[in-house]
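Engineer: The structure is given below, and queries will be raised subsequently.
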Amino acid sequence: MNKQRLKAKLIKYFLQSCGSLSIVIVLLIFLFLFKEALPFIGQPGLTELFHSVWNPVSFQKEEFGLLPLVTGSVLVTLLATVIAIPFGIIGAVYISEVASAKEREFLKPFIEILAGIPSVVLGFFGLVVIAPLVKDVFGLNTGLTALTGAVLLALMAIPTIMSISEDAIKSVPAAYKEASLALGASRLETIWKVVVPAALSGIIASVMLGMGRVVGETMTVMMVTGNAPVVSFNPFTSVRTMTATVAAEMGEVTIGSDHYMALFWVGIVLMLMTFILNLVSYRVLKKYGSERA
Amino acid sequence: MAENQEIRSKIHVENMNFFYGSVQALFDINIELPEKKVTAFIGPSGCGKSTFLRTLNRMNDIIDGTRLEGKVLIDGGDIYGPITDVVELRRKVGMIFQKSNPFPKSIFDNIAYGPRLHGVKDKGKLMEIVESCLVKSALWDEVKDRLDKSAMSLSGGQQQRLCIARALAINPDIVLMDEPASALDPKSTLKIEDLIGELRKDYTIIIVTHNMQQAGRVSDNTAFFYEGRLIEYGATEQIFTKPNEKQTEDYITGRFG
Amino acid sequence: MTGKRRSEKFAFWLMRSITYVVVIFIAYIIFKILINGLPVISWNFLFSEPEKSGAEGGILPAILGTLYLVIGTILVALPLGMFSAIYLTEYAKQSKFTQTIRMAIVTLAGVPSIVFGLFGLGLFVITLDFGASIIAGSLTLACMILPTIIVASEESLKAVPKYMREGSLALGATKWETIYKNVLPYALPGMMTGSILGIGRAAGETAPILLTAAAFFLPELPSSVFDQVMALPYHLYILATQHPEAQKILPMQYGTALVLLLLVVGLNLFAVIIRIRVRRKYKW
């Protein structure tokens, strides 16, 4: 009998340690990012990171200003979000409120496929199809621009925005809708004046989660945004995001060098940005009662 | 008085208080439940009768934040004592739930679930147990040809009798029934009541019910609960004909609840 | 009234069009890759080694490399994720500790894949000295898909009704017996479905293995878990952007993209089919 109790305890502790693993991994991620990045503070010094030039490989003066990378990420992310929002939200409203049951059963899994397409495949498609298109349509020298990246990243954000918005819309009590319809409002009016406002916090959270996904996306942007580390808010120029910088340059640096450490600082900034986006959207969703996050 | 000597007390509850978190659900319960009798717990919804029932096999343990004060003794042993093995206790105290809850397994596997847990592996022995329990729960004739069919294919009343058979298969002394017939049609309800009448010979039965006629028909003793307190407890006939407490009378005569 | 009806109809039509723009876009991506990729796929393409830095020959090492990484990831992440989910649904009480776990899972789910790459580089490749290898890559990917597996497994466990647990406990089963015999068997198919979706993601990811496992070109197949591997997504990236004759070897790129897409979408479809089947089988 005591043996059985011991066994139950052991099982519980074993499962508990598996459960704690997520905490351990998160802590380890922060630990290792900082561990590799830390010596940078002494030499060349943290202020180095706030400069506006990223020129890590140079015989004269190496510069590790994160500003162009941050603006690159922000520009691409904002553009992608702006493109994704109408498709994501209207799509979610259409699927949950307008589409017939049959249509819904086709649309939902189909759009889920999009979430499953590997980013490198999407990047490849962008490289061979979208970039030439952008180049021709806007008469540019190169199609590898912030806009090209944003179009593809919007595609990645759309499934996230759609599925979480849809959940939020679905959880609006039917009574609200019925009350509105009973007052003589049309279906359209009910949708935009009652249902969507009621689901708004969930929808906002979905957009933020979509942004989180976009900020962290690496391969697609690395392949199509041209990778020029310049401070620019022009969608038609080449930019270089934080993610692409790490992915492209980490392979060639000497471990422990200033450049190596600077790349870990990029990782830290990236981690913090997504961490905040996720934290806020998680709070919103939780308050909202959806367990989706 | 000579008759009283023969009736052994099976369950003894002393100064028991029960809490869900900071909310007290049961107040100072004191009761003796006799062996091999049917005791009915009645009272309006939320009066604590089901909670009390579930303290008797410690099913409340699985709810977070519950707490019990006082003593609950079965056969003289404190079931909340430090050396009590909950698993052992639940083998002794079977339970039938309000909503019949057969597992999505075959009829045979449902009943064999308990015995298998407790180490019976021999197929012949299991078959013996399954048959005897199904006979006891008056289901054998209806299902003997399809023991390998899913239990979900049975009707509601049959499912509930299957659950009774499943509870009997672990050979308990006490059977707790939490509104066992509340989800059933009148005909199935009667069958369950007949079954209770049969089972009282071998088991100590405690039944929670909403249905006062049912309490009247099946039980020897009745306890009336109200707002977490045991208001009155006595022979069923007495409770239903001349209750001592005003609240009991009001409830019985349908003035509230 | 009719005017109102008409504008409503128009609005619905507009919403439908916007939704179907996305659908058509997806269809076009798949179509484009299929149409250009299919002619490339042949026995030789799938089962031989690359030649001239991938300009000719096949992609066998990349396919195998991805399989090794995926298998490694499953072996690590699946049991850990499932046990973690069992703890959270069956054991964990409402507490600060549990909330912290949940917070960590959400955080983990949002960590950019390249940051996982940095983490894997720092911990597995450098500190634990595994070098760029199958094991370092698999462990990194496992950390990345852990939240997906946990969340999916939890949902599946929660879908098993409470009475299944109560019924079993009331028959004198221990908690673990109840979970093992009366909850897990019914939750397992759903757990697998969700996990396969996570694994599909691992198969398609490039950024984490870029820093922890992938090699541009290897003369021979890996012989141990401490060897580097080629991988499909990385191979595609190299062919499309780093190859000196990238424009000329477009068919090879399309072929590789198609194989990768089939692998990932195939896994997803497989998961969806299981889900539909299971839903039909158990209705609580």
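In the structure tokens, chains take letters A, B, ... by order of appearance, with residues numbered from 1 within each chain and ligands from 1 in the order shown.
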Counting only C-alpha atoms, give me one row per residue of chain C with an atom at most 7 Å from an atom of chain A, showing the shortest contact pair and its distance in Å to one decimal, sorted by chain then residue number, as a Markdown table.

Structural biologist:
```
| residue | atom | partner | partner_atom | distance |
| --- | --- | --- | --- | --- |
| C:Glu8 | CA | A:Leu188 | CA | 6.0 |
| C:Met15 | CA | A:Tyr94 | CA | 6.1 |
| C:Arg16 | CA | A:Tyr94 | CA | 6.5 |
| C:Ile18 | CA | A:Phe87 | CA | 6.2 |
| C:Thr19 | CA | A:Gly91 | CA | 4.7 |
| C:Val23 | CA | A:Ile111 | CA | 6.8 |
| C:Ile26 | CA | A:Leu114 | CA | 6.5 |
| C:Leu80 | CA | A:Cys18 | CA | 5.9 |
| C:Phe83 | CA | A:Leu15 | CA | 5.6 |
| C:Ser84 | CA | A:Gly19 | CA | 4.0 |
| C:Tyr87 | CA | A:Leu15 | CA | 5.3 |
| C:Leu88 | CA | A:Gly19 | CA | 6.8 |
| C:Ile101 | CA | A:Ile23 | CA | 5.8 |
| C:Ala104 | CA | A:Ile23 | CA | 5.2 |
| C:Ile105 | CA | A:Ser22 | CA | 5.8 |
| C:Val106 | CA | A:Ala293 | CA | 6.7 |
| C:Thr107 | CA | A:Phe275 | CA | 6.2 |
| C:Leu108 | CA | A:Val26 | CA | 6.4 |
| C:Gly110 | CA | A:Asn278 | CA | 6.3 |
| C:Val111 | CA | A:Met271 | CA | 6.3 |
| C:Pro112 | CA | A:Gly216 | CA | 4.2 |
| C:Ser113 | CA | A:Gly216 | CA | 6.7 |
| C:Ile114 | CA | A:Thr243 | CA | 6.4 |
| C:Val115 | CA | A:Gly267 | CA | 5.7 |
| C:Phe119 | CA | A:Ile29 | CA | 5.5 |
| C:Gly122 | CA | A:Phe32 | CA | 5.9 |
| C:Leu123 | CA | A:Phe32 | CA | 6.7 |
| C:Arg201 | CA | A:Gly116 | CA | 6.7 |
| C:Gly204 | CA | A:Pro118 | CA | 4.7 |
| C:Glu205 | CA | A:Pro118 | CA | 6.4 |
| C:Thr206 | CA | A:Met219 | CA | 6.9 |
| C:Ala207 | CA | A:Thr218 | CA | 6.5 |
| C:Leu211 | CA | A:Gly251 | CA | 6.8 |
| C:Pro233 | CA | A:Val120 | CA | 6.2 |
| C:Tyr237 | CA | A:Val120 | CA | 6.5 |
| C:Ala240 | CA | A:Phe124 | CA | 6.7 |
| C:Thr241 | CA | A:Met223 | CA | 6.9 |
| C:Ala257 | CA | A:Val121 | CA | 5.8 |
| C:Leu261 | CA | A:Ile117 | CA | 6.6 |
| C:Val264 | CA | A:Gly116 | CA | 6.8 |
| C:Val265 | CA | A:Gly116 | CA | 6.5 |
```

Engineer: With a distance cut-off of 10 Å and only C-alpha atoms, select the neighbouring residues of B:Ala138, excluding the residue or stretch itself and same-chain residues fewer than 5 positions from it, and output the selection as a short mmCIF file (atom, residue, chain, number, x, y, z; two decimals) with C-alpha atoms, in the first residue's frame.

Structural biologist:
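Below is the file that was written, out.cif:
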```cif
data_model
loop_
_atom_site.label_atom_id
_atom_site.label_comp_id
_atom_site.auth_asym_id
_atom_site.auth_seq_id
_atom_site.Cartn_x
_atom_site.Cartn_y
_atom_site.Cartn_z
CA SER B 132 -23.07 -12.60 -11.71
CA CYS B 133 -23.05 -8.80 -11.66
CA VAL B 143 -27.41 -8.34 -22.96
CA GLN B 158 -29.87 -0.25 -19.45
CA ARG B 161 -28.09 -0.78 -14.73
CA LEU B 162 -24.79 -1.54 -16.44
CA ILE B 164 -24.71 -0.60 -11.20
CA ALA B 165 -23.32 -3.93 -12.38
CA LYS B 191 -36.70 -1.17 -12.79
CA ILE B 192 -33.92 0.63 -10.94
CA ASP B 194 -36.89 -2.83 -7.98
CA LEU B 195 -33.20 -3.44 -8.29
CA GLU B 198 -33.11 -6.59 -4.34
#
```

Engineer: Could I get the residues of chain B with an atom no further than 12 Å from an atom of chain A, each paired with its nearest atom pair and that distance in Å to one decimal, using only C-alpha atoms, sorted by chain and residue number, as a Markdown table?

Structural biologist:
```
| residue | atom | partner | partner_atom | distance |
| --- | --- | --- | --- | --- |
| B:Pro82 | CA | A:Asn2 | CA | 11.9 |
| B:Ile83 | CA | A:Asn2 | CA | 9.3 |
| B:Thr84 | CA | A:Met1 | CA | 9.8 |
| B:Asp85 | CA | A:Met1 | CA | 7.5 |
| B:Val86 | CA | A:Arg5 | CA | 10.2 |
| B:Val87 | CA | A:Met1 | CA | 9.6 |
| B:Glu88 | CA | A:Met1 | CA | 9.0 |
```

Engineer: Run DSSP on the backbone and tell me which residues of stretch 36-261 of chain C come out as helix (DSSP H, G or I); list them as a PyMOL selection string.

Structural biologist: chain C and resi 36-40+43-47+52-54+60-91+96-110+113-127+134-158+162-170+175-204+207-212+232-242+250-261

Engineer: Find the residues in chain B near chain C: any atom within 7 Å counts, using only C-alpha atoms. Write them as a compact mmCIF listing (two decimals) with all heavy atoms, in the first residue's frame.

Structural biologist:
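Listed below is the output, result33.txt:
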```txt
# COMPACT_ATOMS: atom_id res chain seq x y z
N ASP B 64 -10.45 20.62 -6.73
CA ASP B 64 -9.45 21.49 -6.11
C ASP B 64 -10.02 22.27 -4.94
O ASP B 64 -11.13 22.77 -5.02
CB ASP B 64 -8.95 22.52 -7.15
CG ASP B 64 -7.77 21.97 -7.90
OD1 ASP B 64 -7.38 20.82 -7.62
OD2 ASP B 64 -7.25 22.70 -8.76
N VAL B 87 -7.88 4.60 -2.58
CA VAL B 87 -8.19 3.58 -3.57
C VAL B 87 -8.87 2.38 -2.92
O VAL B 87 -9.88 1.88 -3.41
CB VAL B 87 -6.89 3.17 -4.29
CG1 VAL B 87 -7.11 1.94 -5.13
CG2 VAL B 87 -6.38 4.33 -5.12
N GLU B 88 -8.33 2.00 -1.78
CA GLU B 88 -8.90 0.88 -1.01
C GLU B 88 -10.35 1.23 -0.60
O GLU B 88 -11.26 0.42 -0.72
CB GLU B 88 -8.01 0.69 0.22
CG GLU B 88 -7.94 -0.70 0.76
CD GLU B 88 -7.51 -1.73 -0.27
OE1 GLU B 88 -6.69 -1.41 -1.18
OE2 GLU B 88 -8.04 -2.84 -0.17
N ARG B 90 -12.44 3.30 -1.99
CA ARG B 90 -13.40 3.33 -3.10
C ARG B 90 -13.73 1.93 -3.61
O ARG B 90 -14.73 1.74 -4.28
CB ARG B 90 -12.85 4.20 -4.24
CG ARG B 90 -12.86 5.68 -3.86
CD ARG B 90 -12.41 6.55 -5.01
NE ARG B 90 -12.23 7.93 -4.55
CZ ARG B 90 -11.27 8.72 -4.98
NH1 ARG B 90 -10.39 8.29 -5.87
NH2 ARG B 90 -11.17 9.95 -4.52
N ARG B 91 -12.88 0.98 -3.30
CA ARG B 91 -13.23 -0.41 -3.64
C ARG B 91 -14.35 -0.89 -2.74
O ARG B 91 -15.14 -1.73 -3.10
CB ARG B 91 -12.04 -1.33 -3.41
CG ARG B 91 -11.00 -1.23 -4.48
CD ARG B 91 -9.96 -2.28 -4.28
NE ARG B 91 -10.53 -3.62 -4.42
CZ ARG B 91 -9.78 -4.71 -4.39
NH1 ARG B 91 -8.50 -4.63 -4.23
NH2 ARG B 91 -10.35 -5.90 -4.53
N GLY B 94 -18.87 1.61 -3.49
CA GLY B 94 -19.15 1.81 -4.91
C GLY B 94 -20.03 3.03 -5.12
O GLY B 94 -20.65 3.52 -4.18
N MET B 95 -20.04 3.52 -6.36
CA MET B 95 -20.84 4.72 -6.59
C MET B 95 -21.53 4.67 -7.95
O MET B 95 -20.95 4.28 -8.95
CB MET B 95 -19.94 5.96 -6.52
CG MET B 95 -20.73 7.25 -6.67
SD MET B 95 -19.75 8.65 -6.12
CE MET B 95 -21.02 9.85 -5.86
N ASN B 101 -22.80 6.63 -16.82
CA ASN B 101 -21.53 6.94 -17.46
C ASN B 101 -20.76 5.70 -17.87
O ASN B 101 -19.66 5.46 -17.44
CB ASN B 101 -20.66 7.80 -16.54
CG ASN B 101 -20.40 7.11 -15.21
OD1 ASN B 101 -20.97 6.07 -14.93
ND2 ASN B 101 -19.52 7.68 -14.42
N PHE B 103 -18.29 3.50 -19.93
CA PHE B 103 -17.11 3.86 -20.73
C PHE B 103 -17.36 3.41 -22.16
O PHE B 103 -18.07 2.44 -22.39
CB PHE B 103 -15.87 3.16 -20.17
CG PHE B 103 -15.63 3.42 -18.72
CD1 PHE B 103 -15.17 2.41 -17.87
CD2 PHE B 103 -15.88 4.68 -18.17
CE1 PHE B 103 -14.95 2.65 -16.52
CE2 PHE B 103 -15.67 4.92 -16.82
CZ PHE B 103 -15.20 3.90 -15.99
N GLY B 114 -13.16 -2.78 -13.28
CA GLY B 114 -12.78 -2.78 -11.86
C GLY B 114 -11.98 -4.01 -11.46
O GLY B 114 -10.87 -3.90 -10.95
N LEU B 117 -8.51 -3.97 -12.68
CA LEU B 117 -7.66 -3.05 -11.91
C LEU B 117 -7.13 -3.74 -10.67
O LEU B 117 -6.01 -3.51 -10.25
CB LEU B 117 -8.48 -1.85 -11.44
CG LEU B 117 -8.79 -0.76 -12.42
CD1 LEU B 117 -9.69 0.27 -11.74
CD2 LEU B 117 -7.51 -0.10 -12.88
N ALA B 167 -20.36 -1.26 -10.75
CA ALA B 167 -20.01 -0.93 -9.36
C ALA B 167 -19.99 -2.19 -8.50
O ALA B 167 -19.14 -2.34 -7.62
CB ALA B 167 -20.98 0.10 -8.80
N ILE B 170 -16.74 -4.70 -8.24
CA ILE B 170 -15.58 -4.56 -7.34
C ILE B 170 -15.94 -5.02 -5.93
O ILE B 170 -15.16 -4.87 -5.01
CB ILE B 170 -15.03 -3.11 -7.31
CG1 ILE B 170 -16.14 -2.11 -6.97
CG2 ILE B 170 -14.38 -2.75 -8.63
CD1 ILE B 170 -15.64 -0.73 -6.68
```

Engineer: Would you compute the distance between atom CA of A:Glu62 and atom CA of A:Pro39? Give it in Å to one decimal.

Structural biologist: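 Rounded to one decimal, the two atoms are 16.5 Å apart.
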
Engineer: Give me the residues near C:Gln242 as a list in words, where near means some atom within 12 Å (using only C-alpha atoms) and where sequence neighbours in that chain fewer than 3 positions away do not count.

Structural biologist: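 What passes the distance filter is Met222, Met223 and Ala248 of chain A; Ser53, Gly54, Ala55, Phe216, Tyr234, His235, Leu236, Tyr237, Ile238, Leu239, Glu245, Ala246, Gln247, Ile249 and Gln253 of chain C.
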
Engineer: Include N, CA and C atoms and write out the residues we just selected as a short mmCIF file (atom, residue, chain, number, x, y, z; two decimals), in the first residue's frame.

Structural biologist:
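Dumped everything to again.cif:
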```
data_model
loop_
_atom_site.label_atom_id
_atom_site.label_comp_id
_atom_site.auth_asym_id
_atom_site.auth_seq_id
_atom_site.Cartn_x
_atom_site.Cartn_y
_atom_site.Cartn_z
N MET A 222 14.47 37.07 -45.67
CA MET A 222 15.86 37.01 -46.08
C MET A 222 15.96 36.81 -47.59
N MET A 223 15.01 36.07 -48.14
CA MET A 223 15.08 35.76 -49.57
C MET A 223 14.56 36.89 -50.46
N ALA A 248 21.66 35.33 -41.90
CA ALA A 248 22.64 35.44 -42.99
C ALA A 248 24.07 35.53 -42.48
N SER C 53 27.25 21.01 -57.09
CA SER C 53 26.62 21.80 -56.01
C SER C 53 25.11 21.90 -56.16
N GLY C 54 24.50 20.83 -56.57
CA GLY C 54 23.04 20.82 -56.61
C GLY C 54 22.46 21.26 -57.94
N ALA C 55 23.29 21.63 -58.88
CA ALA C 55 22.76 22.05 -60.18
C ALA C 55 22.20 20.85 -60.95
N PHE C 216 25.52 22.82 -46.21
CA PHE C 216 25.24 23.22 -47.57
C PHE C 216 25.40 22.02 -48.50
N TYR C 234 16.73 23.94 -46.24
CA TYR C 234 17.99 24.64 -46.39
C TYR C 234 18.55 24.49 -47.80
N HIS C 235 18.38 23.30 -48.34
CA HIS C 235 18.83 23.03 -49.70
C HIS C 235 18.12 23.97 -50.68
N LEU C 236 16.83 24.12 -50.49
CA LEU C 236 16.07 25.01 -51.37
C LEU C 236 16.58 26.45 -51.23
N TYR C 237 16.82 26.86 -50.01
CA TYR C 237 17.31 28.21 -49.77
C TYR C 237 18.64 28.43 -50.50
N ILE C 238 19.52 27.46 -50.36
CA ILE C 238 20.84 27.58 -51.00
C ILE C 238 20.70 27.65 -52.52
N LEU C 239 19.91 26.72 -53.07
CA LEU C 239 19.75 26.69 -54.53
C LEU C 239 19.16 28.00 -55.04
N GLU C 245 24.60 29.92 -60.09
CA GLU C 245 23.77 29.90 -61.30
C GLU C 245 22.31 29.74 -60.95
N ALA C 246 21.89 30.44 -59.92
CA ALA C 246 20.54 30.26 -59.39
C ALA C 246 19.46 30.36 -60.48
N GLN C 247 19.63 31.28 -61.38
CA GLN C 247 18.60 31.47 -62.41
C GLN C 247 18.47 30.26 -63.34
N ILE C 249 19.09 27.10 -62.65
CA ILE C 249 18.67 25.82 -62.08
C ILE C 249 17.29 25.92 -61.44
N GLN C 253 15.11 23.92 -58.26
CA GLN C 253 14.50 24.61 -57.11
C GLN C 253 13.03 24.23 -56.97
#
```

Engineer: Would you pick out the contacts of stretch 31-33 of chain B at 12 Å or less, using only C-alpha atoms, so that residues sharing its chain but fewer than 6 positions from it are not included, and give the list as a PyMOL selection string?

Structural biologist: chain B and resi 7-16+39-41+52-53+56+71-76+174+204-207+220-225+229-235

Engineer: Find the residues around B:Arg146 up to 9 Å (only C-alpha atoms counted), leave out those fewer than 6 positions away in its own chain, and share them as a list of chain:residue names.

Structural biologist: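 Within the cut-off, the hits are B:Ser106, B:Ile107, B:Phe108.
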
Engineer: Skip A:Pro229 itself and residues of its chain fewer than 4 positions away, then list as a PyMOL selection string all residues within 8 Å of it, counting only C-alpha atoms.

Structural biologist: chain A and resi 53-54+68-69+72+239-241

Engineer: One decimal, in Å: what's the spacing between atom CA of C:Leu258 and atom CA of A:Phe138?

Structural biologist: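 Distance reported for this atom pair: 29.8 Å.
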